[in-house]
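Novice: Okay, handing you the structure first.
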Amino acid sequence: FCIISYSIFAVKYLGAVLKNFIADKRRILGLSQRSLADMLGIQYQSLQKWEKGSVIPSVDYALRLALILHTTVEELFTLDDSLPTNPQP
């Protein structure tokens with residue numbers, strides 16, 4: 001139960017952080033969803049899911065994403081102060 005609860009927390013809150021961060025950084029760099037997806041070697045629909053916050057990229061893709069967006073994996077997954085840091089059962 002604890003693992004499932006944490007997984008739901010991760011997708012819900014980390015997804016919320018990522019969706020804004022990825023889209024904002026992509027736009028700053030002048031990249032379209034399709035061009036960023038091509039650079040990552042994925043379909044643009046996968047990137048759309050990351051930007052909607054419904055799916056979190058794997059560690060491998062998070063590393064690639066951080067390199068392309070000129071940031072760090074830590075920054076990708078840093079929670080806003082306004083979001084809860086503990087999952088609620």
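Letters for chains follow the order of the structure tokens (A, B, ...), residue numbers begin at 1 for each chain, and ligand numbers begin at 1 in the order shown.
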Run DSSP on the backbone of this structure and report the residues of range 24-59 of chain A it assigns to alpha helix (DSSP H), as a list of chain:residue names.

Specialist: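 Restricting range 24-59 of chain A to alpha helix (DSSP H) produces A:Asp24, A:Lys25, A:Arg26, A:Arg27, A:Ile28, A:Gln33, A:Arg34, A:Ser35, A:Leu36, A:Ala37, A:Asp38, A:Met39, A:Leu40, A:Tyr44, A:Gln45, A:Ser46, A:Leu47, A:Gln48, A:Lys49, A:Trp50, A:Glu51, A:Lys52, A:Val59.
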
Novice: Output C-alpha atoms for every residue in that selection, as a PDB file, in the first residue's frame.

Specialist:
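Output file selection_25.pdb is given in full below:
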ATOM      1  CA  ASP A  24       8.497  26.633 -20.231  1.00  0.00           C
ATOM      2  CA  LYS A  25      12.100  25.560 -20.896  1.00  0.00           C
ATOM      3  CA  ARG A  26      11.154  24.190 -24.332  1.00  0.00           C
ATOM      4  CA  ARG A  27       9.544  27.490 -25.305  1.00  0.00           C
ATOM      5  CA  ILE A  28      12.477  29.537 -23.989  1.00  0.00           C
ATOM      6  CA  GLN A  33       7.028  19.677 -29.032  1.00  0.00           C
ATOM      7  CA  ARG A  34       7.814  17.746 -32.184  1.00  0.00           C
ATOM      8  CA  SER A  35      11.417  18.966 -32.415  1.00  0.00           C
ATOM      9  CA  LEU A  36      12.127  18.218 -28.739  1.00  0.00           C
ATOM     10  CA  ALA A  37      10.530  14.783 -29.105  1.00  0.00           C
ATOM     11  CA  ASP A  38      12.734  14.116 -32.149  1.00  0.00           C
ATOM     12  CA  MET A  39      15.836  15.128 -30.174  1.00  0.00           C
ATOM     13  CA  LEU A  40      14.799  12.701 -27.416  1.00  0.00           C
ATOM     14  CA  TYR A  44       5.657  13.802 -29.666  1.00  0.00           C
ATOM     15  CA  GLN A  45       2.570  12.271 -28.002  1.00  0.00           C
ATOM     16  CA  SER A  46       4.848  10.977 -25.221  1.00  0.00           C
ATOM     17  CA  LEU A  47       6.208  14.478 -24.690  1.00  0.00           C
ATOM     18  CA  GLN A  48       2.648  15.806 -24.609  1.00  0.00           C
ATOM     19  CA  LYS A  49       1.878  13.402 -21.756  1.00  0.00           C
ATOM     20  CA  TRP A  50       4.916  14.667 -19.830  1.00  0.00           C
ATOM     21  CA  GLU A  51       3.841  18.257 -20.397  1.00  0.00           C
ATOM     22  CA  LYS A  52       0.281  17.446 -19.280  1.00  0.00           C
ATOM     23  CA  VAL A  59      15.388   8.214 -15.498  1.00  0.00           C
TER      24      VAL A  59
END

Novice: Give me, please, the distance in Å between CA of Ile22 in chain A and CA of Leu76 in chain A, quoted to one decimal.

Specialist: 7.9 Å

Novice: So how far away is CA of Leu29 in chain A from CA of Leu67 in chain A, in Å?

Specialist: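 Here the two named atoms are 12.5 Å from each other.
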
Novice: Given only C-alpha atoms as the basis, pick out the residue of A:Leu65, A:His70, A:Ala23, A:Ile56 nearest to Gly41 in chain A.

Specialist: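 Distance minimum relative to Gly41 in chain A lands on A:Leu65.
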